[in-house]
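Next comes my_file-v7.txt, a file with compact mmCIF, C-alpha atoms.
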# COMPACT_ATOMS: atom_id res chain seq x y z
CA ASP Q 1 8.96 90.45 63.47
CA LEU Q 2 12.77 90.49 63.55
CA ASN Q 3 15.19 89.12 60.98
CA SER Q 4 18.42 87.23 61.70
CA LYS Q 5 20.19 90.55 62.38
CA ASN Q 6 17.57 91.53 64.98
CA GLN Q 7 16.25 94.23 62.65
CA LEU Q 8 12.53 95.03 62.67
CA VAL Q 9 10.99 93.89 59.38
CA ARG Q 10 7.27 93.90 60.24
CA SER Q 11 5.08 95.51 62.90
CA ALA Q 12 1.36 95.50 63.60
CA MET Q 13 -1.16 96.91 66.09
CA PHE Q 14 -1.33 94.63 69.11
CA LEU Q 15 -3.67 96.42 71.53
CA ASP Q 16 -5.46 99.75 71.21
CA ASN Q 17 -8.13 100.93 73.62
CA SER Q 18 -7.68 104.71 73.11
CA ARG Q 19 -5.85 105.02 76.43
CA HIS Q 20 -2.21 105.35 77.39
CA LEU Q 21 -0.59 101.91 77.14
CA SER Q 22 3.07 101.14 77.87
CA PHE Q 23 5.49 98.74 79.54
CA PRO Q 24 4.33 95.47 77.90
CA SER Q 25 5.17 92.17 79.59
CA THR Q 26 4.08 88.53 79.63
CA PHE Q 27 3.74 85.79 82.23
CA GLU Q 28 2.59 82.17 82.35
CA VAL Q 29 0.19 80.19 84.53
CA GLY Q 30 0.42 76.52 83.67
CA GLU Q 31 0.27 76.19 79.88
CA GLN Q 32 -1.45 79.55 79.42
CA ARG Q 33 0.48 82.73 78.59
CA TYR Q 34 -0.86 86.19 79.45
CA PHE Q 35 -0.06 89.72 78.35
CA ILE Q 36 -0.12 92.77 80.65
CA CYS Q 37 0.81 96.42 80.25
CA GLU Q 38 0.58 99.67 82.13
CA SER Q 39 -2.84 101.30 81.81
CA GLN Q 40 -3.00 103.72 84.75
CA THR Q 41 -5.59 105.93 83.09
CA GLU Q 42 -8.01 102.99 83.13
CA GLY Q 43 -7.57 102.60 86.90
CA ILE Q 44 -7.25 98.80 86.81
CA LEU Q 45 -4.67 96.21 85.79
CA LYS Q 46 -5.82 93.62 83.26
CA ALA Q 47 -4.27 90.45 81.85
CA TYR Q 48 -5.06 89.35 78.31
CA ILE Q 49 -4.84 85.74 77.13
CA LEU Q 50 -2.19 85.22 74.45
CA GLN Q 51 -3.06 82.77 71.71
CA ASP Q 52 -0.89 82.21 68.62
CA GLY Q 53 0.91 85.52 69.17
CA ASP Q 54 -2.31 87.55 69.39
CA ILE Q 55 -4.75 88.62 72.11
CA ASP Q 56 -8.50 88.70 72.49
CA GLU Q 57 -9.33 92.16 73.85
CA GLU Q 58 -12.76 90.96 74.95
CA ASN Q 59 -11.30 88.06 76.94
CA SER Q 60 -9.39 89.76 79.76
CA ILE Q 61 -8.93 89.15 83.48
CA VAL Q 62 -8.80 91.93 86.07
CA LEU Q 63 -5.71 91.33 88.20
CA LEU Q 64 -6.02 94.40 90.43
CA GLU Q 65 -8.76 96.97 90.96
CA GLU Q 66 -6.23 99.82 91.10
CA ALA Q 67 -3.85 101.74 88.87
CA VAL Q 68 -0.36 100.25 88.68
CA ALA Q 69 2.68 101.76 86.97
CA ASP Q 70 5.25 99.52 85.24
CA PRO Q 71 3.69 96.17 86.23
CA CYS Q 72 5.67 92.97 85.75
CA ILE Q 73 5.22 89.41 87.00
CA VAL Q 74 7.82 86.73 87.70
CA GLU Q 75 7.49 83.18 88.99
CA TYR Q 76 9.74 82.51 91.97
CA LYS Q 77 9.69 79.65 94.48
CA SER Q 78 6.35 78.28 93.21
CA GLN Q 79 4.55 81.62 93.47
CA LEU Q 80 3.78 84.51 91.14
CA TRP Q 81 5.08 87.91 92.25
CA LEU Q 82 3.72 91.13 90.77
CA PHE Q 83 5.88 94.25 91.05
CA GLY Q 84 4.49 97.73 90.43
CA SER Q 85 4.42 101.29 91.73
CA ASP Q 86 2.04 104.21 92.13
CA GLU Q 87 2.08 107.88 91.16
CA ASN Q 88 3.96 108.73 94.38
CA HIS Q 89 6.90 106.46 93.45
CA GLN Q 90 5.95 103.91 96.09
CA MET Q 91 6.60 100.28 95.18
CA SER Q 92 4.18 97.48 95.95
CA ILE Q 93 4.49 93.72 95.57
CA TRP Q 94 1.58 91.27 95.26
CA PHE Q 95 1.68 87.46 95.35
CA SER Q 96 -0.44 84.64 93.95
CA SER Q 97 -0.42 80.88 93.60
CA THR Q 98 0.87 79.57 90.27
CA LYS Q 99 -2.29 77.42 90.03
CA SER Q 100 -4.62 80.40 89.83
CA ILE Q 101 -4.59 84.18 89.42
CA ASP Q 102 -5.61 85.79 92.70
CA PHE Q 103 -3.09 88.44 93.70
CA LYS Q 104 -2.88 89.71 97.28
CA ARG Q 105 -0.75 92.61 98.50
CA THR Q 106 2.26 91.78 100.67
CA GLU Q 107 2.13 93.04 104.26
CA TYR Q 108 4.94 95.58 103.74
CA SER Q 109 3.47 97.20 100.62
CA PRO Q 110 3.42 100.00 99.63
CA PHE Q 111 6.99 100.86 100.56
CA MET Q 112 10.23 102.37 99.24
CA PRO Q 113 8.96 105.89 98.30
CA ASN Q 114 12.08 106.60 96.27
CA PRO Q 115 12.28 107.68 92.58
CA PHE Q 116 15.82 106.26 92.55
CA ASN Q 117 14.70 102.62 92.52
CA SER Q 118 10.96 102.13 93.10
CA ARG Q 119 9.85 101.85 89.45
CA SER Q 120 10.41 98.64 87.52
CA ALA Q 121 12.68 98.75 84.46
CA GLY Q 122 11.81 95.30 83.15
CA ARG Q 123 10.67 91.91 84.36
CA PRO Q 124 12.80 90.42 87.17
CA ILE Q 125 14.83 87.38 86.16
CA VAL Q 126 16.15 84.30 87.93
CA ASN Q 127 19.83 83.80 87.05
CA GLU Q 128 21.78 80.96 88.69
CA ASP Q 129 19.27 80.86 91.57
CA LYS Q 130 19.59 84.62 92.04
CA LEU Q 131 16.51 86.81 91.65
CA LEU Q 132 17.50 90.08 89.97
CA ARG Q 133 15.34 93.21 89.75
CA PHE Q 134 15.85 96.06 87.25
CA THR Q 135 14.80 99.55 88.34
CA GLN Q 136 14.44 102.94 86.66
CA ASP Q 137 16.38 105.87 88.06
CA CYS Q 138 13.96 108.80 87.88
CA SER Q 139 15.62 110.84 90.64
CA GLY Q 140 16.94 113.49 88.25
CA GLU Q 141 14.87 112.87 85.14
CA TYR Q 142 12.59 110.16 83.80
CA GLY Q 143 14.42 106.99 82.78
CA ALA Q 144 18.00 108.26 83.07
CA ARG Q 145 19.63 104.89 83.86
CA ILE Q 146 18.88 101.41 85.20
CA HIS Q 147 19.96 99.94 88.53
CA VAL Q 148 20.27 96.21 89.15
CA TYR Q 149 19.39 94.69 92.54
CA GLU Q 150 19.57 91.17 93.87
CA ILE Q 151 16.53 90.23 95.91
CA LYS Q 152 17.87 88.40 98.94
CA LEU Q 153 14.53 87.74 100.66
CA LEU Q 154 11.04 87.74 99.15
CA THR Q 155 8.07 86.52 101.18
CA GLU Q 156 4.58 87.71 102.02
CA LYS Q 157 5.95 89.44 105.13
CA GLU Q 158 9.58 90.36 104.36
CA TYR Q 159 11.61 91.89 101.55
CA VAL Q 160 15.37 92.49 101.34
CA GLU Q 161 17.42 93.50 98.30
CA THR Q 162 21.01 94.67 97.69
CA TYR Q 163 22.41 96.94 95.00
CA ILE Q 164 24.57 95.23 92.34
CA GLU Q 165 25.36 97.74 89.61
CA SER Q 166 24.03 100.48 87.31
CA ILE Q 167 23.60 100.44 83.54
CA GLU Q 168 24.19 103.69 81.66
CA PRO Q 169 23.47 104.43 77.99
CA GLU Q 170 26.54 104.22 75.76
CA ALA Q 171 27.87 107.48 74.31
CA THR Q 172 27.92 105.88 70.84
CA TRP Q 173 24.19 105.08 70.89
CA HIS Q 174 21.82 107.17 68.79
CA TYR Q 175 19.42 107.05 71.77
CA LYS Q 176 21.96 107.99 74.41
CA GLU Q 177 20.14 110.38 76.74
CA GLY Q 178 18.67 107.72 79.00
CA ILE Q 179 17.80 104.06 79.32
CA HIS Q 180 14.31 103.17 80.43
CA THR Q 181 13.82 99.40 80.35
CA LEU Q 182 15.73 96.16 79.91
CA ASN Q 183 14.10 92.81 79.24
CA ILE Q 184 15.91 89.52 78.72
CA LEU Q 185 13.96 87.18 76.45
CA GLU Q 186 15.70 83.85 75.94
CA ASP Q 187 18.49 84.74 73.45
CA ARG Q 188 17.66 88.46 73.09
CA PHE Q 189 18.07 91.63 75.13
CA VAL Q 190 15.36 94.26 74.55
CA VAL Q 191 16.42 97.78 75.55
CA ASP Q 192 14.30 100.95 75.56
CA ALA Q 193 16.54 104.03 75.37
CA LYS Q 194 15.69 107.65 74.64
CA THR Q 195 16.79 110.81 72.86
CA SER Q 196 15.41 114.34 72.51
CA ARG Q 197 13.76 115.93 69.49
CA LEU Q 198 11.48 118.81 68.66
CA ILE Q 199 7.85 117.94 67.94
CA SER Q 200 5.19 119.90 66.11
CA PHE Q 201 2.45 121.72 67.98
CA ASP Q 202 -0.19 119.31 66.61
CA ILE Q 203 1.67 116.29 68.03
CA PHE Q 204 2.13 118.08 71.36
CA LYS Q 205 -1.57 119.00 71.45
CA GLY Q 206 -2.55 115.38 70.70
CA LYS Q 207 -0.39 114.07 73.54
CA CYS Q 208 -1.94 116.55 75.98
CA LEU Q 209 -5.47 115.64 74.93
CA ARG Q 210 -4.78 111.92 75.36
CA LEU Q 211 -3.42 112.55 78.86
CA LEU Q 212 -6.62 114.46 79.68
CA ASN Q 213 -8.75 111.64 78.17
CA TYR Q 214 -10.28 113.88 75.50
Mind converting the file's structure to C-alpha cells?
Amino acid sequence: DLNSKNQLVRSAMFLDNSRHLSFPSTFEVGEQRYFICESQTEGILKAYILQDGDIDEENSIVLLEEAVADPCIVEYKSQLWLFGSDENHQMSIWFSSTKSIDFKRTEYSPFMPNPFNSRSAGRPIVNEDKLLRFTQDCSGEYGARIHVYEIKLLTEKEYVETYIESIEPEATWHYKEGIHTLNILEDRFVVDAKTSRLISFDIFKGKCLRLLNY
C-alpha cells in the first residue's frame, strides 16, 4: 500500500511458487481482471484471477504452453495483444478476442532478434489514439535504458513501429545505473531502476540454486 506521498507503507506476499517470478502485469476481459508475470522456469504462461486485490493460486488459466519473458497484454481495436520474448531476444506477439482468452501467434512471430528493443519494458499504452510500446535496451547490459516506440500497424499479419525517444536514469537517482521497466497506472508512474551492491556468498549461492531449480 502507498500513502499520499507515494511511499510504501505496507507490503505482503502476493504469489510464491518457489520459482523465479518477475515482471508483474494485469489485464481485463469483460468485468474480470487477471494477473500475469514472467515464469520462464515453469515453461508456461499462466493468468490468475484477481479478486478483491488478491489471487487464487489454484484458480489459474494457461495462456500459452511455452516460456515467455516479460509478458504483457493490452487491449487495442477490440482485441487483446500479448507481447513477449524468448531467451534468444526474439519478440513474439499473440492475439485473442476480448470475449474469451484464446491466444494465437501472429504470422510474423517470432521476429526482431535484437537485444536493443525486443524485450518489453512495461505494458503498452494507448495515448490519444496512439499505441506506445516500451522496450528494454539490453544491447550493452541488462536493463540499461528504455526506448519508446509508436506502433503504426498491428494486425495478425503485419507489424510496423517507429522509434520515438529513449528514457535514461537520472544522475540524481539513488538507483541510477539503469532503468528496467515503466508502467503507467492511472495517476501513477511505476519505475524499476537499478544500482550495484556487493552481496554475501550465502545470498549469491541461494540465487544460483534457485536458477538451477534446487
To one decimal place, how far is atom CA of Q:Ala67 from atom CA of Q:Phe23 in Å?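 These atoms are spaced 13.5 Å apart.
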Using only C-alpha atoms, find each residue of stretch 2-80 of chain Q with at least one atom at most 10 Å away from an atom of stretch 118-135 of chain Q; report its shortest atom-to-atom pair and that distance in Å (one decimal), sort the rows by chain and rising residue number, and return the result as JSON lines.
{"residue": "Q:Phe23", "atom": "CA", "partner": "Q:Gly122", "partner_atom": "CA", "distance": 8.1}
{"residue": "Q:Pro24", "atom": "CA", "partner": "Q:Gly122", "partner_atom": "CA", "distance": 9.1}
{"residue": "Q:Ser25", "atom": "CA", "partner": "Q:Arg123", "partner_atom": "CA", "distance": 7.3}
{"residue": "Q:Thr26", "atom": "CA", "partner": "Q:Arg123", "partner_atom": "CA", "distance": 8.8}
{"residue": "Q:Phe27", "atom": "CA", "partner": "Q:Arg123", "partner_atom": "CA", "distance": 9.5}
{"residue": "Q:Ala69", "atom": "CA", "partner": "Q:Arg119", "partner_atom": "CA", "distance": 7.6}
{"residue": "Q:Asp70", "atom": "CA", "partner": "Q:Ser120", "partner_atom": "CA", "distance": 5.7}
{"residue": "Q:Pro71", "atom": "CA", "partner": "Q:Ser120", "partner_atom": "CA", "distance": 7.3}
{"residue": "Q:Cys72", "atom": "CA", "partner": "Q:Arg123", "partner_atom": "CA", "distance": 5.3}
{"residue": "Q:Ile73", "atom": "CA", "partner": "Q:Arg123", "partner_atom": "CA", "distance": 6.6}
{"residue": "Q:Val74", "atom": "CA", "partner": "Q:Pro124", "partner_atom": "CA", "distance": 6.2}
{"residue": "Q:Glu75", "atom": "CA", "partner": "Q:Val126", "partner_atom": "CA", "distance": 8.8}
{"residue": "Q:Tyr76", "atom": "CA", "partner": "Q:Val126", "partner_atom": "CA", "distance": 7.8}
Just to confirm, what's the straight-line distance from atom CA of Q:Arg145 to atom CA of Q:His89 in Å (one decimal)?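 Atom-to-atom, atom CA of Q:Arg145 and atom CA of Q:His89 are spaced 16.0 Å apart.
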Write out as a list in words each polymer residue whose atoms come within 9 Å of Q:Ser166, counting only C-alpha atoms; drop sequence neighbours fewer than 3 positions from it. Arg145, Ile146, His147, Val148 and Tyr163 of chain Q
Please determine, counting only C-alpha atoms, which residue among Q:Leu64, Q:Tyr48, Q:Glu170, Q:Phe95 has the shortest atom-to-atom distance to Q:Leu154. Q:Phe95
May I have the protein, DNA and RNA residues with any atom at most 10 Å from the point (7.8, 86.4, 100.7), counting all atoms listed in the file, written as a ChimeraX atom specification? /Q:76-77,79,81,93-95,106-107,153-160
Of the candidates Q:Phe111, Q:Leu63, Q:Gly140, Q:Glu28, which shows the shortest atom-to-atom distance to Q:Gln90, using all atoms listed in the file? Q:Phe111
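Atom CA of Q:Ala193 is found 29.1 Å from atom CA of Q:Gln51.
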Rank nothing, just name the residue among Q:Gly30, Q:Ile151, Q:Ile55, Q:Ser85 nearest to Q:Ser97, using only C-alpha atoms. Q:Gly30
Give, as JSON, the centre coordinates and the x, y and z edge lengths in Å to one decimal for an axis-aligned box around all listed atoms of stretch 61-66 of chain Q, padded by 6 Å on each side.
{"center_x": -7.3, "center_y": 94.5, "center_z": 87.3, "size_x": 15.2, "size_y": 22.7, "size_z": 19.6}
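Between Q:Gly43 and the candidates Q:Cys138, Q:Val191, Q:Val62, Q:Leu185, the tightest atom-to-atom separation, counting all atoms listed in the file, involves Q:Val62.
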Do you know which residues are at most 8 Å from Q:Thr162 counting all atoms listed in the file, after dropping those on the same chain fewer than 6 positions away, and could you put them as a ChimeraX atom specification? /Q:149-152
Your completed stretch 47-58 of chain Q with all heavy atoms, as a PDB file, keeping the file's coordinate frame:
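rebuild.pdb was written with the following content:
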ATOM      1  N   ALA Q  47      -5.092  91.422  82.561  1.00  0.00           N
ATOM      2  CA  ALA Q  47      -4.270  90.450  81.850  1.00  0.00           C
ATOM      3  C   ALA Q  47      -5.077  89.932  80.670  1.00  0.00           C
ATOM      4  O   ALA Q  47      -6.271  89.636  80.795  1.00  0.00           O
ATOM      5  CB  ALA Q  47      -3.879  89.297  82.775  1.00  0.00           C
ATOM      6  N   TYR Q  48      -4.415  89.835  79.526  1.00  0.00           N
ATOM      7  CA  TYR Q  48      -5.060  89.350  78.310  1.00  0.00           C
ATOM      8  C   TYR Q  48      -4.465  87.993  77.931  1.00  0.00           C
ATOM      9  O   TYR Q  48      -3.244  87.795  77.990  1.00  0.00           O
ATOM     10  CB  TYR Q  48      -4.853  90.325  77.154  1.00  0.00           C
ATOM     11  CG  TYR Q  48      -5.428  91.691  77.395  1.00  0.00           C
ATOM     12  CD1 TYR Q  48      -4.674  92.677  78.033  1.00  0.00           C
ATOM     13  CD2 TYR Q  48      -6.722  92.016  76.993  1.00  0.00           C
ATOM     14  CE1 TYR Q  48      -5.195  93.947  78.257  1.00  0.00           C
ATOM     15  CE2 TYR Q  48      -7.250  93.276  77.210  1.00  0.00           C
ATOM     16  CZ  TYR Q  48      -6.484  94.240  77.847  1.00  0.00           C
ATOM     17  OH  TYR Q  48      -7.002  95.496  78.075  1.00  0.00           O
ATOM     18  N   ILE Q  49      -5.307  87.061  77.536  1.00  0.00           N
ATOM     19  CA  ILE Q  49      -4.840  85.740  77.130  1.00  0.00           C
ATOM     20  C   ILE Q  49      -4.142  85.837  75.772  1.00  0.00           C
ATOM     21  O   ILE Q  49      -4.664  86.441  74.836  1.00  0.00           O
ATOM     22  CB  ILE Q  49      -6.007  84.742  77.055  1.00  0.00           C
ATOM     23  CG1 ILE Q  49      -6.586  84.509  78.452  1.00  0.00           C
ATOM     24  CG2 ILE Q  49      -5.574  83.430  76.431  1.00  0.00           C
ATOM     25  CD1 ILE Q  49      -7.803  83.617  78.474  1.00  0.00           C
ATOM     26  N   LEU Q  50      -2.941  85.267  75.694  1.00  0.00           N
ATOM     27  CA  LEU Q  50      -2.190  85.220  74.450  1.00  0.00           C
ATOM     28  C   LEU Q  50      -2.438  83.897  73.744  1.00  0.00           C
ATOM     29  O   LEU Q  50      -2.314  82.837  74.352  1.00  0.00           O
ATOM     30  CB  LEU Q  50      -0.691  85.368  74.730  1.00  0.00           C
ATOM     31  CG  LEU Q  50      -0.107  86.787  74.778  1.00  0.00           C
ATOM     32  CD1 LEU Q  50       1.330  86.739  75.259  1.00  0.00           C
ATOM     33  CD2 LEU Q  50      -0.186  87.443  73.415  1.00  0.00           C
ATOM     34  N   GLN Q  51      -2.783  83.973  72.480  1.00  0.00           N
ATOM     35  CA  GLN Q  51      -3.060  82.770  71.710  1.00  0.00           C
ATOM     36  C   GLN Q  51      -2.492  82.954  70.308  1.00  0.00           C
ATOM     37  O   GLN Q  51      -2.915  83.847  69.574  1.00  0.00           O
ATOM     38  CB  GLN Q  51      -4.573  82.521  71.632  1.00  0.00           C
ATOM     39  CG  GLN Q  51      -4.945  81.151  71.079  1.00  0.00           C
ATOM     40  CD  GLN Q  51      -4.638  80.027  72.055  1.00  0.00           C
ATOM     41  OE1 GLN Q  51      -4.769  80.177  73.264  1.00  0.00           O
ATOM     42  NE2 GLN Q  51      -4.216  78.886  71.523  1.00  0.00           N
ATOM     43  N   ASP Q  52      -1.507  82.133  69.950  1.00  0.00           N
ATOM     44  CA  ASP Q  52      -0.890  82.210  68.620  1.00  0.00           C
ATOM     45  C   ASP Q  52      -0.347  83.603  68.338  1.00  0.00           C
ATOM     46  O   ASP Q  52      -0.485  84.142  67.225  1.00  0.00           O
ATOM     47  CB  ASP Q  52      -1.875  81.796  67.536  1.00  0.00           C
ATOM     48  CG  ASP Q  52      -2.334  80.352  67.688  1.00  0.00           C
ATOM     49  OD1 ASP Q  52      -1.516  79.524  68.110  1.00  0.00           O
ATOM     50  OD2 ASP Q  52      -3.515  80.072  67.410  1.00  0.00           O
ATOM     51  N   GLY Q  53       0.283  84.213  69.361  1.00  0.00           N
ATOM     52  CA  GLY Q  53       0.910  85.520  69.170  1.00  0.00           C
ATOM     53  C   GLY Q  53      -0.051  86.679  69.099  1.00  0.00           C
ATOM     54  O   GLY Q  53       0.337  87.799  68.737  1.00  0.00           O
ATOM     55  N   ASP Q  54      -1.316  86.482  69.448  1.00  0.00           N
ATOM     56  CA  ASP Q  54      -2.310  87.550  69.390  1.00  0.00           C
ATOM     57  C   ASP Q  54      -3.138  87.509  70.670  1.00  0.00           C
ATOM     58  O   ASP Q  54      -3.089  86.556  71.438  1.00  0.00           O
ATOM     59  CB  ASP Q  54      -3.207  87.390  68.175  1.00  0.00           C
ATOM     60  CG  ASP Q  54      -3.808  88.718  67.741  1.00  0.00           C
ATOM     61  OD1 ASP Q  54      -3.634  89.713  68.464  1.00  0.00           O
ATOM     62  OD2 ASP Q  54      -4.462  88.749  66.680  1.00  0.00           O
ATOM     63  N   ILE Q  55      -3.916  88.559  70.911  1.00  0.00           N
ATOM     64  CA  ILE Q  55      -4.750  88.620  72.110  1.00  0.00           C
ATOM     65  C   ILE Q  55      -6.199  88.847  71.730  1.00  0.00           C
ATOM     66  O   ILE Q  55      -6.510  89.368  70.659  1.00  0.00           O
ATOM     67  CB  ILE Q  55      -4.294  89.737  73.072  1.00  0.00           C
ATOM     68  CG1 ILE Q  55      -4.470  91.115  72.425  1.00  0.00           C
ATOM     69  CG2 ILE Q  55      -2.880  89.526  73.534  1.00  0.00           C
ATOM     70  CD1 ILE Q  55      -4.223  92.257  73.370  1.00  0.00           C
ATOM     71  N   ASP Q  56      -7.075  88.448  72.633  1.00  0.00           N
ATOM     72  CA  ASP Q  56      -8.500  88.700  72.490  1.00  0.00           C
ATOM     73  C   ASP Q  56      -8.855  89.802  73.483  1.00  0.00           C
ATOM     74  O   ASP Q  56      -8.902  89.565  74.696  1.00  0.00           O
ATOM     75  CB  ASP Q  56      -9.298  87.424  72.788  1.00  0.00           C
ATOM     76  CG  ASP Q  56     -10.798  87.631  72.650  1.00  0.00           C
ATOM     77  OD1 ASP Q  56     -11.220  88.766  72.330  1.00  0.00           O
ATOM     78  OD2 ASP Q  56     -11.541  86.665  72.877  1.00  0.00           O
ATOM     79  N   GLU Q  57      -9.076  91.015  72.976  1.00  0.00           N
ATOM     80  CA  GLU Q  57      -9.330  92.160  73.850  1.00  0.00           C
ATOM     81  C   GLU Q  57     -10.584  91.986  74.696  1.00  0.00           C
ATOM     82  O   GLU Q  57     -10.726  92.590  75.761  1.00  0.00           O
ATOM     83  CB  GLU Q  57      -9.407  93.448  73.040  1.00  0.00           C
ATOM     84  CG  GLU Q  57      -8.101  93.842  72.372  1.00  0.00           C
ATOM     85  CD  GLU Q  57      -8.175  95.205  71.727  1.00  0.00           C
ATOM     86  OE1 GLU Q  57      -8.777  96.107  72.340  1.00  0.00           O
ATOM     87  OE2 GLU Q  57      -7.652  95.383  70.612  1.00  0.00           O
ATOM     88  N   GLU Q  58     -11.512  91.166  74.217  1.00  0.00           N
ATOM     89  CA  GLU Q  58     -12.760  90.960  74.950  1.00  0.00           C
ATOM     90  C   GLU Q  58     -12.597  89.908  76.049  1.00  0.00           C
ATOM     91  O   GLU Q  58     -13.439  89.791  76.934  1.00  0.00           O
ATOM     92  CB  GLU Q  58     -13.863  90.524  73.986  1.00  0.00           C
ATOM     93  CG  GLU Q  58     -14.125  91.507  72.855  1.00  0.00           C
ATOM     94  CD  GLU Q  58     -14.557  92.863  73.363  1.00  0.00           C
ATOM     95  OE1 GLU Q  58     -15.291  92.915  74.368  1.00  0.00           O
ATOM     96  OE2 GLU Q  58     -14.145  93.869  72.764  1.00  0.00           O
TER      97      GLU Q  58
END
